[in-house]
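Notes for the one structure printed next.
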Amino acid sequence: MKKLCLFVLISTILVGCGGGGGDSGGGSNTKATPLDLGNLTSDVKKQYAQVNYDTFLVITESALNCAKDLKVGETDNTCAVIDSGNHNEGLSIEDISGTLSVQKQSDKIQISTVKDIQFHAPLINQNTNNFKLNQNNIANKKEETNFITIPETNTQEMADSETESNSVFLCGTFTFTNDDGIKTVDAFEHEYRGLIYSHNTNTDESHFFESSSRMVGKNNTMFDWNTDDNGVIKPI
């Protein structure tokens, strides 16, 4: 009995933030199935990782932009997900759209999906793909996810600094409309410090530096992607 309980617990943790599988939405009768990450080459894994990175980056920038004029306790349920163009390199995703709910709290910005994020990812396919934030991050055993921390800095410190930094905690499910069918992949930051978002106020560029995230697919196959101090994804 103890062995059975342990097996169930481990399986639950490996599933990640959940939400994979099910119908793809949009009225399609084609059933979505988890992507078999174990059959992908290192180069293809890195392509999926780049799409994950860029999607999380656009969500972060959009949420921060919508929250900057909010007072503590206020919520914006019409936050548009858009590419601000403030990146070290061009994005791997295009034609991005979607709507977030952004609530500003005293120490963080809480985020949820109002309208699923849609985008094209030429590295993966030529079709429209989706991403949706999920409520629970089971893999990290955290009670909550999908928020951005607000640093404890005073006005003078912010004025003297050339960079703004936030810890970002995101968890959700990608739905890729691939040529071989509709495939889902769970994605989430899996370190307790979150993804480290950095924005240079002089160059207006942003990236995730020294950060790590995990992608989980069919039968709990998974891989991690990590970035260096310049925000570039390391070889997988």
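Following the order of the structure tokens, chains are lettered A, B, ..., residues in each are numbered from 1, and ligands are numbered from 1.
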Near Val72 of chain A, within 7 Å and counting only C-alpha atoms, which residues show up once chain neighbours fewer than 3 positions away are dropped, as an MDAnalysis selection string?
chainID A and resid 104:106
Would you output that residue set with all heavy atoms, as a short mmCIF file (atom, residue, chain, number, x, y, z; two decimals), in the first residue's frame?
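Produced file result07.cif, reproduced below:
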```cif
data_model
loop_
_atom_site.label_atom_id
_atom_site.label_comp_id
_atom_site.auth_asym_id
_atom_site.auth_seq_id
_atom_site.Cartn_x
_atom_site.Cartn_y
_atom_site.Cartn_z
N LYS A 104 -2.81 43.92 -9.30
CA LYS A 104 -1.63 44.43 -8.59
C LYS A 104 -1.83 44.30 -7.09
O LYS A 104 -2.78 44.83 -6.53
CB LYS A 104 -1.37 45.89 -8.96
CG LYS A 104 -0.03 46.42 -8.45
CD LYS A 104 0.26 47.79 -9.04
CE LYS A 104 1.66 48.25 -8.70
NZ LYS A 104 1.96 49.57 -9.33
N GLN A 105 -0.93 43.57 -6.46
CA GLN A 105 -0.93 43.43 -5.01
C GLN A 105 0.30 44.14 -4.45
O GLN A 105 1.11 44.67 -5.20
CB GLN A 105 -0.95 41.95 -4.63
CG GLN A 105 -2.17 41.21 -5.19
CD GLN A 105 -2.17 39.73 -4.85
OE1 GLN A 105 -1.42 39.26 -4.00
NE2 GLN A 105 -3.04 38.97 -5.52
N SER A 106 0.43 44.17 -3.14
CA SER A 106 1.51 44.94 -2.53
C SER A 106 2.89 44.39 -2.87
O SER A 106 3.86 45.14 -2.97
CB SER A 106 1.34 44.97 -1.01
OG SER A 106 1.35 43.65 -0.48
#
```
Distance query Thr173 of chain A at most 6 Å, only C-alpha atoms, self and fewer than 2 positions along chain excluded, as a list in words
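Once the nearby chain positions are removed, what remains is Phe131, Lys132, Val185 and Asp186 of chain A.
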Between A:Glu152, A:Asp36, A:Asp83, A:Asp228, which residue has the minimum interatomic distance to Ser212 of chain A, considering only C-alpha atoms?
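That would be A:Asp228, the residue with the smallest distance to Ser212 of chain A.
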If you run DSSP on the backbone, which residues of segment 137-222 of chain A are helix (DSSP H, G or I), as a VMD selection string?
chain A and resid 138 to 140 155 to 160 218 to 220
Leaving out Glu210 of chain A and any residue of its chain fewer than 6 positions from it, which residues lie within 8 Å of it when counting only C-alpha atoms, given as a list of chain:residue names?
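Listing them by chain and then by number gives A:Leu195, A:Ile196, A:Asn226, A:Thr227, A:Asp228, A:Asp229, A:Asn230, A:Gly231.
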Got time to write the residues from that selection, all heavy atoms, as a short mmCIF file (atom, residue, chain, number, x, y, z; two decimals), in the first residue's frame?
```cif
data_model
loop_
_atom_site.label_atom_id
_atom_site.label_comp_id
_atom_site.auth_asym_id
_atom_site.auth_seq_id
_atom_site.Cartn_x
_atom_site.Cartn_y
_atom_site.Cartn_z
N LEU A 195 11.78 32.51 -12.85
CA LEU A 195 12.56 33.02 -13.97
C LEU A 195 13.00 34.44 -13.62
O LEU A 195 12.21 35.22 -13.09
CB LEU A 195 11.72 33.05 -15.25
CG LEU A 195 11.19 31.70 -15.75
CD1 LEU A 195 10.14 31.92 -16.83
CD2 LEU A 195 12.31 30.83 -16.28
N ILE A 196 14.25 34.78 -13.91
CA ILE A 196 14.75 36.10 -13.55
C ILE A 196 14.64 37.01 -14.77
O ILE A 196 15.41 36.91 -15.73
CB ILE A 196 16.21 36.04 -13.06
CG1 ILE A 196 16.35 34.99 -11.95
CG2 ILE A 196 16.65 37.41 -12.57
CD1 ILE A 196 15.44 35.22 -10.76
N ASN A 226 17.74 26.02 -19.98
CA ASN A 226 18.40 26.97 -19.09
C ASN A 226 19.01 28.09 -19.91
O ASN A 226 19.41 27.90 -21.06
CB ASN A 226 19.50 26.27 -18.29
CG ASN A 226 18.98 25.09 -17.49
OD1 ASN A 226 18.48 25.25 -16.39
ND2 ASN A 226 19.09 23.88 -18.05
N THR A 227 19.09 29.28 -19.31
CA THR A 227 19.68 30.41 -20.01
C THR A 227 20.96 30.87 -19.31
O THR A 227 21.13 30.66 -18.10
CB THR A 227 18.71 31.60 -20.07
OG1 THR A 227 18.42 32.06 -18.74
CG2 THR A 227 17.41 31.19 -20.75
N ASP A 228 21.85 31.50 -20.08
CA ASP A 228 23.08 32.03 -19.50
C ASP A 228 22.84 33.45 -18.99
O ASP A 228 21.70 33.93 -18.97
CB ASP A 228 24.23 31.97 -20.51
CG ASP A 228 23.94 32.77 -21.78
OD1 ASP A 228 23.09 33.69 -21.73
OD2 ASP A 228 24.56 32.48 -22.82
N ASP A 229 23.91 34.14 -18.60
CA ASP A 229 23.74 35.47 -18.02
C ASP A 229 23.41 36.53 -19.07
O ASP A 229 23.16 37.69 -18.72
CB ASP A 229 24.98 35.88 -17.22
CG ASP A 229 26.26 35.80 -18.03
OD1 ASP A 229 26.19 35.52 -19.24
OD2 ASP A 229 27.33 36.02 -17.45
N ASN A 230 23.39 36.13 -20.35
CA ASN A 230 22.96 37.04 -21.41
C ASN A 230 21.54 36.74 -21.89
O ASN A 230 21.06 37.35 -22.86
CB ASN A 230 23.93 36.96 -22.60
CG ASN A 230 25.29 37.52 -22.28
OD1 ASN A 230 25.40 38.60 -21.68
ND2 ASN A 230 26.34 36.80 -22.66
N GLY A 231 20.90 35.77 -21.24
CA GLY A 231 19.54 35.44 -21.61
C GLY A 231 19.42 34.51 -22.80
O GLY A 231 18.35 34.37 -23.39
#
```
Using only C-alpha atoms: which of A:Val51, A:Ile124, A:Ile59, A:Val232 has the shortest distance to Ser101 of chain A
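Closest to Ser101 of chain A of all the choices is A:Ile59.
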Which one of A:Ser211, A:Thr184, A:Gln103, A:Ser167 sits closest to Asp224 of chain A if you count only C-alpha atoms?
A:Ser211
Based on the backbone DSSP call, show me all residues of segment 32-183 of chain A assigned strand (DSSP E), as an MDAnalysis selection string.
chainID A and resid 32:34 75:80 94:104 108:120 128:133 147:149 163:169 171:178 181:183
With distances taken over only C-alpha atoms, the candidate from A:Thr55, A:Asn134, A:Asn125, A:Gln118 nearest Leu91 of chain A is A:Thr55
